[in-house]
Structures are given as structure tokens and as C-alpha cells.
2 protein chains.
Amino acid sequence: MSHHKGPAMSQIDPVLAHIDANLEAATDRLFQLMRIPSISTDPAYKQACDQAADWLVADLASFGANASKRETPGHPMVVAHTNGAGKHVMFYGHYDVQPVDPLDLWDNDPFDPKIETTKSGKVIRGRGAADDKGQLMTFVEACRAWHAVHGTLPVNVSFFFEGEEESGSPSLVPFMRDNAKELRSDLALICDTGMFDPKTPAIATQLRGLLGEEITITGPRIDLHSGMYGGAAINPIRVLAKIIASLHDGKGKVTIPGFYEGVPQMPADLKQQWNDLNFDHDAFLNAVGLSELAGENGKTALEMLWARPTCEVNGITGGYTGDGFKTVLPAKASAKISFRLVGTQDPHAIRKAFRQMVQDALPDDCTVEFADHGASQAVQMSTADPAFEKARLALSDEWPNPAAFVGCGGSIPIAGHFKTELDTDAMLIGFGRDDDAIHSPNEKYDLESFHKGIRSWARVLAALAD
Amino acid sequence: MSHHKGPAMSQIDPVLAHIDANLEAATDRLFQLMRIPSISTDPAYKQACDQAADWLVADLASFGANASKRETPGHPMVVAHTNGAGKHVMFYGHYDVQPVDPLDLWDNDPFDPKIETTKSGKVIRGRGAADDKGQLMTFVEACRAWHAVHGTLPVNVSFFFEGEEESGSPSLVPFMRDNAKELRSDLALICDTGMFDPKTPAIATQLRGLLGEEITITGPRIDLHSGMYGGAAINPIRVLAKIIASLHDGKGKVTIPGFYEGVPQMPADLKQQWNDLNFDHDAFLNAVGLSELAGENGKTALEMLWARPTCEVNGITGGYTGDGFKTVLPAKASAKISFRLVGTQDPHAIRKAFRQMVQDALPDDCTVEFADHGASQAVQMSTADPAFEKARLALSDEWPNPAAFVGCGGSIPIAGHFKTELDTDAMLIGFGRDDDAIHSPNEKYDLESFHKGIRSWARVLAALAD
């Protein structure tokens with residue numbers, strides 16, 4: 001690559017060599033952490049969560065960080081500071097893991113990690129290998145290596161580990177609010193996402209927001225017999241179906257008035273980056289039995305997934321849904337409807353416009369109840385901050401393909417919390433692969449992800465320092 | 001009334017007087033039958049069903065009918081003949097009853113019938129009071145009274161009682177086929193329906209048919225995450241909603257090609273009869289919390305309910321329907337859809353056209369599975385047979401308002417079976433009221449329904465004889 005090397009960049013080679021030479025020790029440390037069954041959602045593992053936090057405190061302290069376990073009403077947080085010089089970055093990860101059932105689908109004990117050789121290379125197998133113990137340790141090991149080689153870190157690094165990410169993070173926002181001053185930084189770093197593909201690293205710079213609504217339409221006061229009332233009485237399933245059918249026009253656009261307010265035009269350079277990714281949308285769709293893009297006419301697959309808002313029906317129910325048949329005209333029908341949001345779309349304005357549209361479509365004999373299933377705005381990182389381009393180039397040095405700024409179709413709550421609670425942008429860099437089986441039996445993390453992940457963070461830290 | 005009185009008509013007055021004088025004895029007999037807990041669907045009551053059949057055999061024999069219990073793979077049939085002269089009528093009823101749970105919602109033992117005085121008059125309370133023990137005994141008592149007074153019956157009467165009507169009648173059609181010669185008659189009489197209103201008797205001369213379909217639309221091979229795929233992958237709930245929304249046009253007409261083939265024009269005189277009924281559609285709708293007719297534009301309520309075909313969605317399900325929210329794009333969505341048919345609409349042709357329409361509306365990435373939930377054509381009695389008008393006038397003699405030929409929005413399988421298995425029209429005359437709570441706790445039959453029901457059948461038998 002042709003970019004300028006600053007002073008920290010010139011310090012990188014011995015760090016990378018140290019990382020390469022000590023990979024086995026790094027893997028051993030990861031295995032120690034993975035052996036602790038820190039399943040946050042199951043009270044039976046409360047002690048294990050506590051133990052994982054203790055392990056991290058000790059591990060961070062081992063290379064000089066000022067680490068402490070911080071109690072919460074739930075599982076503890078771990079916060080550590082290195083009080084280094086220069087730019088202050090706050091690294092976030094989570095030490096808790098998903099439950100392991102069904103246990104009989106695991107080939108090995110999920111908490112007895114192993115290196116396995118597969119046809120696509122060596123993998124670290126076990127619960128938390130990818131989500132998130134393996135990923136968080138890439139950053140910790142990068143810091144350890146830098147510290148081992150240079151006796152300090154290239155930037156001012158803090159650590160913030162949570163133990164409730166897999167169980168809804170009930171303590172997270174209160175803890176951020178209570179400790180805002182301590183947790184604020186120039187930039188949050190998060191390692192809980194994936195590569196674009198095994199050769200192409202990615203920095204997620206735009207995450208879609210999510211608005212959840214549930215509508216229940218009531219027609220008659222009671223379920224009616226379709227022989228006695230059919231043809232004369234209103235059927236709320238038909239009313240609901242008509243409303244759902246009206247939410248999109250023939251070109252796949254959402255018809256709610258004002259819905260596209262705040263949806264940005266794609267910047268030309270980002271559009272070019274995404275095109276250069278040569279996303280194989282056929283393979284993406286074929287993997288799930290589909291062959292055609294079903295979104296807005298004229299948009300690419302990546303635009304549909306990352307840069308365009310959606311309106312989807314996630315569930316619908318009404319009338320008799322058991323085996324056989326019942327000739328009922330139901331009193332009620334309901335649907336769960338969600339919206340993925342981008343740019344500066346205002347979820348509250350969209351909720352209001354959606355509800356108004358439903359009300360307007362309602363026949364006189366129907367009423368509707370709405371339930372609010374949450375609203376979060378899209379998160380857009382300020383990629384004008386040079387740190388993002390520096391990190392992108394640093395990642396590009398490590399991997400076969402240049403790194404890309406990508407979007408994320410789903411929301412990643414922690415990135416939003418850094419933004420709203422601490423007014424800090426988050427840089428989401430991760431080394432997971434699509435086949436890591438996170439949340440599933442036989443979770444794995446490629447040894448290459450771990451190794452090159454550590455090297456990647458060393459490069460990113462150097463780049464951020466300069 | 002001004003109609004001609006024939007010889008049998010001139011014999012009616014002493015029969016009516018006999019009925020009036022012996023009402024208490026008739027009620028006692030009904031109570032004997034009601035005390036037998038002949039719940040056909042519950043194997044625990046098999047013996048009781050058998051006992052009810054035995055009771056009927058003995059009761060029919062007591063006024064000279066040649067009655068026998070006939071075994072089936074299920075509960076027995078009772079068949080009886082009187083070998084009288086003239087027109088041969090076959091009376092059908094069923095001696096089995098619905099289960100009684102939830103028992104705690106009954107004010108009394110459902111099998112210990114009582115006369116209760118309510119604000120609208122005396123009622124017979126207990127399971128089977130209306131459905132169908134009370135109704136079937138109206139006919140039996142009319143015959144008994146006629147026989148007691150005149151030593152014979154005015155027409156040739158046979159009886160055919162079933163014990164499986166409340167459990168799907170599995171033995172009925174096979175029994176009809178095996179005994180077709182014995183069961184064939186000039187006219188079937190059935191007492192298992194209701195009055196138009198408490199003052200207006202009714203003969204149901206047209207019953208809608210029923211076609212049941214279930215469609216399951218599959219999009220992706222597996223449920224997808226709406227963050228990862230939303231906007232690019234097809235959503236089968238949306239596809240299903242669009243199909244359902246397309247089944248009716250803006251005027252409430254069904255859009256399936258050829259759907260209205262075989263739907264007859266209303267004859268002017270029948271239209272007049274229905275208008276004369278002054279059906280209170282506001283009260284009908286208000287009772288279930290509605291205020292507006294939701295069917296085809298320009299049709300009256302009774303036309304919508306009795307004379308027009310429908311397409312209704314009886315159930316719909318897809319995606320996540322539990323508490324809370326799950327951002328899933330489901331692999332499948334399905335709906336149960338039924339059609340009420342009239343005239344000579346061909347259910348098989350409509351099934352085919354419906355399926356073709358669904359197929360044609362399907363995006364390339366979706367597949368559909370169809371399940372067949374039965375098909376029965378509408379039943380239209382030949383009201384040109386003078387027996388119908390005779391019966392109508394005879395009923396008009398008994399009740400405050402003239403009797404009407406009415407339709408029935410639901411299907412009554414037995415009427416169809418008489419038509420298809422025995423090529424016999426059925427005359428459906430019943431004295432039930434809307435508030436009889438059949439199939440529910442505290443079932444009742446008005447003592448007036450029972451008393452005037454017996455008198456009505458005596459008059460109808462006389463009218464049929466002349």
C-alpha cells in the first residue's frame with residue numbers, strides 16, 4: 001500500500017513478529033477464558049460469569065492495565081485503563097456466552113475448547129470461540145504484544161467488558177450513564193462483527209435502526225360462524241391483509257407518507273467501494289433457497305441490505321390455525337411489523353405515520369390496537385474522522401483484499417449506546433465468518449481469524465497513533 | 001288463511017286438541033330421553049347412546065311403528081316404518097348430543113331436565129333440549145297424537161334417527177348407501193333448524209355449499225433474520241397478504257375467474273318473501289359489535305347470507321406469533337380459506353380456478369402447497385314441488401306470522417346426503433330460536449317451541465296428505 005508510515009507504523013514489524021511467535025500462548029489464554037462457562041442468561045452460571053470477569057481483570061493487569069471488576073445488579077463489568085498517551089480509545093467486548101443446548105448436537109464439550117483441522121483450515125472449536133471471547137482476545141493480545149515489545153501502547157487504551165450481552169444487557173446503559181466520564185473516549189473500538197468475506201476485512205460504519213410495531217385489528221365482538229355471518233360481517237384477517245398489501249407499491253417502495261425522509265443518497269465513493277466488493281448476491285440468495293432480489297427496484301443487493309429502509313411483516317396470526325378446518329370469522333387478527341431504518345429516519349415520526357395510515361385504512365366497524373416493540377434510529381459513523389480511513393488502510397495491509405466500509409442490516413445496540421450515552425462513534429471491526437455458528441452448536445473461530453485478528457488490531461492501533 | 005282444506009285438514013282439529021291436552025305427558029317423554037346422556041363423541045357414553053336408541057325404538061313402537069335398532073360401526077341407527085298410505089315421508093333426527101363441559105357453567109345438571117320460567121316464558125332446560133331431542137320429539141309427538149285420535153297417520157311416515165350427528169356422522173353415508181332402497185321416500189323431513197324469529201316459522205329451501213382450502217406459501221428455505229436479509233429476500237407473509245387482498249374487488253365481489261358461474265338470479269317472489277321478513281340487519285350486526293354490512297355492494301343482508309357466495313379467510317399464520325417480538329423473515333405463511341357456494345356453483349371448478357389464481361400470483365421464488373378441506377355443492381330444494389307451498393301454508397296457520405322459504409348460510413350435511421345418496425329433497429322445518437344455546441351450557445328449548453312445534457308437524461302432515 002502506498003500510504004504514509006508514521007512513527008507508530010514503523011514500530012509495527014517487531015510487534016507482528018512477537019504475535020506470530022507467541023500464537024500458541026495466546027491460544028492457550030483464550031482457551032482458559034473459554035473453559036469458564038459464562039452463560040449469562042442462566043442463573044446457574046452466575047458464579048462462572050463472575051469468574052470470567054476475574055480472569056479478565058487478572059489478564060489485563062498482567063500487562064500493566066489498571067483493571068477492576070465493577071459490580072452491577074447483574075453480572076459484573078470489567079473496566080481497565082492504561083493511561084497511555086495520545087488518542088484515547090475504549091475497547092468494548094463481552095465475556096458472556098450463549099447457552100449451549102441442545103448439547104447433544106455438539107461434537108465435543110462446548111467448554112473444553114480444541115484446535116480442529118477442517119478442510120478450510122484450523123479452527124478453534126467451543127462456545128464463545130467467535131462470540132465474543134475469541135474476538136475480544138484479538139484486541140487484548142494485540143495490546144499485550146505491543147506492550148511486550150515496546151513497554152507501552154501506541155495510543156491511550158481503555159477496556160470495557162460486559163457480561164450480559166447475550167441476555168439483553170440490562171445493566172449496560174445504567175452503567176454507562178453512571179460512569180459516563182470514565183467511559184468517554186475519542187473512539188470506541190468493538191470486535192463483535194465479521195469480515196465481508198474470508199479475504200476482505202470490513203469496518204461497519206452504518207447500522208440500520210429498528211422500529212417494531214404490532215397491530216391487532218378487531219372486527220366483530222366475538223368469533224363468528226362463517227355460515228351464519230359470512231358475506232355480511234367484516235373479516236379482520238381480510239382487513240389486515242389489505243393493509244399489509246398496501247404497505248409497498250409495485251416497485252417495492254414503502255408507501256407510508258414521509259417514510260423516506262432522512263434516507264440519504266449513497267455517496268459516490270462508498271457506492272464504488274460496495275460495487276468493488278463484487279458481492280455475490282446469487283450465492284447469498286441461493287444459500288437460503290432463493291434466486292431473486294425482492295427489494296426496491298433498481299437497487300443493488302448491498303444497498304437493499306445496508307443502505308435502504310425496509311418494512312417487513314415478522315408474524316401474522318388470526319382465526320383458526322390448528323390442524324383441520326374451522327369455519328370461523330375471527331374477531332381479531334394481528335401482525336408484528338418491523339422497519340429497518342437508515343440515515344436520519346425518525347422512528348417516532350414513522351411510527352406515527354404508520355399508525356395514521358392503518359387508522360385511515362380501517363373500515364368503520366374495525367378498531368385497532370397498537371403495541372410498541374421498540375424504536376432505535378440508525379447509527380451512522382462519522383467516517384470523515386480520519387481514524388476510519390487510517391484503520392481501513394491498516395486492515396488492508398494485513399489481508400488479501402482491501403478493507404471496506406460496510407453497512408450492517410441489523411442493529412448492534414452497543415454502537416448505538418456509545419453514540420447516545422457517551423457521544424462517541426464506534427469503530428466496528430471483527431474477524432468472524434458467516435459459518436462460525438455463533439449461538440449454535442459447534443461454534444468455531446478460524447485460527448486465521450484469531451491470528452490475523454491480533455495482527456490487524458496491532459496495525460490499527462499503530463495507524464490510529466499516527 | 002284462505003287456502004283450501006282437504007280431507008286430512010278436516011281431521012286436524014281433534015289432533016291439535018289432543019296435543020294441547022297431553023302436553024305434560026309429551027314433555028315427560030322428552031325428559032326421559034333427555035336424561036340419557038347420549039354424548040356421541042365420548043366413548044365413555046357409548047352405552048348411553050345405545051340406550052337412547054333403545055328408548056326411541058320402544059317409543060316409536062308404542063304407537064304402532066315397526067321400529068328397529070340398526071347396528072353400525074359407530075352408534076346405532078333407529079329406523080321405523082308405519083306402512084301408511086299415500087305420500088311417503090322420511091323423518092330424520094339425531095338422538096346424540098354435544099358434550100357438556102365446562103360443566104361448572106351449567107346452572108343445573110345438564111341431564112336432569114327441568115321446566116324453568118324465564119322472563120320470555122317457560123323453557124325446557126338441559127342438554128339436547130333443542131339439539132336435537134326436543135326438535136325430533138315434536139315430530140314423534142305429532143304422529144303419536146294423530147295416531148291416538150285417528151288410529152292411523154295421514155301419510156306414510158318413516159323415521160330415521162342417527163346417533164353420530166355431533167361427532168361427524170361417520171356411519172351415516174355408508175348406512176344410507178347400504179339401505180338406500182329402504183330409506184328412499186318422496187320427501188325427507190328434518191327438524192334440526194330454527195324459526196326465522198319467534199313469530200315467524202321458516203322452511204329452509206336453499207343451503208350454501210362449502211369449499212375449504214388451505215394454502216401454504218414457502219419463500220426462503222429457512223426462517224431468516226430480518227436484519228441480515230430484510231429488504232432483499234422475499235417475505236411469504238407479504239406474498240400471502242397480497243393474494244388475500246386480491247381475492248375481492250373494491251365492491252366486495254370475489255375476483256376468482258368464473259367464480260359466479262352457477263349463481264342464480266333471485267326469483268322475484270322469493271325476493272319479495274325475504275323483503276317481507278323485514279330482517280333487522282342492524283340488530284343482527286349490533287349483537288356482535290358491528291354496524292355495517294360488509295359484503296357485496298347493492299345486496300341485502302339476507303341475500304348476502306343466504307343467496308350469495310363468499311370467500312372468507314378463516315385463519316392465517318406465519319412467522320413469530322408469540323409474546324414480544326422476533327425480527328424473523330419467515331420461510332412459510334399459510335391461510336385457511338373457505339368459500340360458501342350457492343346455486344349450481346361447482347366447488348371443484350372453483351377450487352381449480354382458485355389454485356390457478358394463487359399460482360399465477362406467486363413470485364418466482366415462492367412455492368405453494370394446497371390442502372383440500374372438503375367440497376360440497378349448495379343444496380337447492382325443488383320448491384316447485386307443491387309439498388313445499390302446502391307446508392308453508394300449514395305452518396302459517398299455526399304461528400302469528402306467515403312462514404317463509406328461507407336460505408341457510410351454513411351447510412346442513414344431512415340435507416345434502418338425502419339429495420346425493422337418496423335423490424330426495426329434504427324439507428327443513430325447525431322451531432329453534434337463536435338464544436337456545438345449543439352446544440353451550442344451559443341449552444334450552446322454549447316450551448312454546450315444543451308445543452307449537454308438535455302442532456306444526458300435525459298441520460304439515462295433514463297438508464302433505466291432501
# chains A, B, ... in the order shown; residues from 1 in each chain; ligands from 1

$ interface_residues --of "chain B" --to "chain A" --cutoff "7 Å" --atoms "only C-alpha atoms" --output "NGL selection string"
:B and (220-222 or 227-234 or 237-238 or 241-242 or 244-245 or 288-295 or 301 or 304-305 or 310 or 313-321 or 325-330 or 365 or 373 or 409-410)

$ residues_around --residues "Leu56 in chain B" --least-positions-apart "5" --cutoff "10 Å" --atoms "only C-alpha atoms" --output "PDB file with N, CA and C atoms, in the first residue's frame"
ATOM      1  N   LEU B  33     -86.020 -39.065  27.514  1.00  0.00           N
ATOM      2  CA  LEU B  33     -84.968 -39.155  26.504  1.00  0.00           C
ATOM      3  C   LEU B  33     -83.775 -38.256  26.861  1.00  0.00           C
ATOM      4  N   GLN B  51     -78.582 -46.862  24.676  1.00  0.00           N
ATOM      5  CA  GLN B  51     -79.804 -46.782  25.474  1.00  0.00           C
ATOM      6  C   GLN B  51     -80.806 -45.797  24.863  1.00  0.00           C
ATOM      7  N   ALA B  61     -92.525 -47.794  18.744  1.00  0.00           N
ATOM      8  CA  ALA B  61     -93.381 -48.982  18.724  1.00  0.00           C
ATOM      9  C   ALA B  61     -94.664 -48.748  19.509  1.00  0.00           C
ATOM     10  N   SER B  62     -94.593 -47.865  20.505  1.00  0.00           N
ATOM     11  CA  SER B  62     -95.757 -47.656  21.385  1.00  0.00           C
ATOM     12  C   SER B  62     -96.957 -47.088  20.633  1.00  0.00           C
ATOM     13  N   ALA B  67     -90.394 -50.485  14.456  1.00  0.00           N
ATOM     14  CA  ALA B  67     -89.118 -49.817  14.718  1.00  0.00           C
ATOM     15  C   ALA B  67     -88.029 -50.817  15.046  1.00  0.00           C
ATOM     16  N   SER B  68     -86.797 -50.499  14.574  1.00  0.00           N
ATOM     17  CA  SER B  68     -85.682 -51.375  14.925  1.00  0.00           C
ATOM     18  C   SER B  68     -84.409 -50.566  15.095  1.00  0.00           C
ATOM     19  N   LYS B  69     -83.557 -51.101  15.967  1.00  0.00           N
ATOM     20  CA  LYS B  69     -82.234 -50.525  16.154  1.00  0.00           C
ATOM     21  C   LYS B  69     -81.329 -51.212  15.151  1.00  0.00           C
ATOM     22  N   VAL B  78     -81.690 -45.777  14.293  1.00  0.00           N
ATOM     23  CA  VAL B  78     -83.040 -46.279  14.532  1.00  0.00           C
ATOM     24  C   VAL B  78     -83.834 -46.025  13.250  1.00  0.00           C
ATOM     25  N   VAL B  79     -84.463 -47.080  12.740  1.00  0.00           N
ATOM     26  CA  VAL B  79     -85.300 -46.927  11.549  1.00  0.00           C
ATOM     27  C   VAL B  79     -86.677 -47.498  11.894  1.00  0.00           C
ATOM     28  N   ALA B  80     -87.701 -46.781  11.487  1.00  0.00           N
ATOM     29  CA  ALA B  80     -89.065 -47.256  11.772  1.00  0.00           C
ATOM     30  C   ALA B  80     -89.975 -46.931  10.601  1.00  0.00           C
ATOM     31  N   TYR B  95     -80.352 -38.446  17.885  1.00  0.00           N
ATOM     32  CA  TYR B  95     -80.570 -38.611  19.327  1.00  0.00           C
ATOM     33  C   TYR B  95     -79.315 -38.335  20.126  1.00  0.00           C
ATOM     34  N   MET B 137     -88.595 -34.859  18.913  1.00  0.00           N
ATOM     35  CA  MET B 137     -89.817 -35.325  19.566  1.00  0.00           C
ATOM     36  C   MET B 137     -91.042 -34.513  19.144  1.00  0.00           C
ATOM     37  N   VAL B 140     -92.296 -36.761  16.507  1.00  0.00           N
ATOM     38  CA  VAL B 140     -92.790 -38.025  17.061  1.00  0.00           C
ATOM     39  C   VAL B 140     -94.121 -37.812  17.784  1.00  0.00           C
ATOM     40  N   PHE B 161     -83.362 -42.177  12.684  1.00  0.00           N
ATOM     41  CA  PHE B 161     -82.644 -41.418  13.712  1.00  0.00           C
ATOM     42  C   PHE B 161     -81.188 -41.855  13.758  1.00  0.00           C
TER      43      PHE B 161
END

$ select_by_dssp --residues "range 257-453 of chain A" --states "strand (DSSP E or B)" --output "PyMOL selection string"
chain A and resi 310-319+328-329+332-341+367-376+379-380+404-408+426-429+432+444-446

$ closest_residue --among "B:Thr138, B:Thr27, B:Gln98, B:Ser440" --to "Tyr45 in chain B" --atoms "only C-alpha atoms"
B:Gln98

$ atom_distance --atom1 "CA of Asn66 in chain A" --atom2 "CA of Ser456 in chain A"
24.0 Å
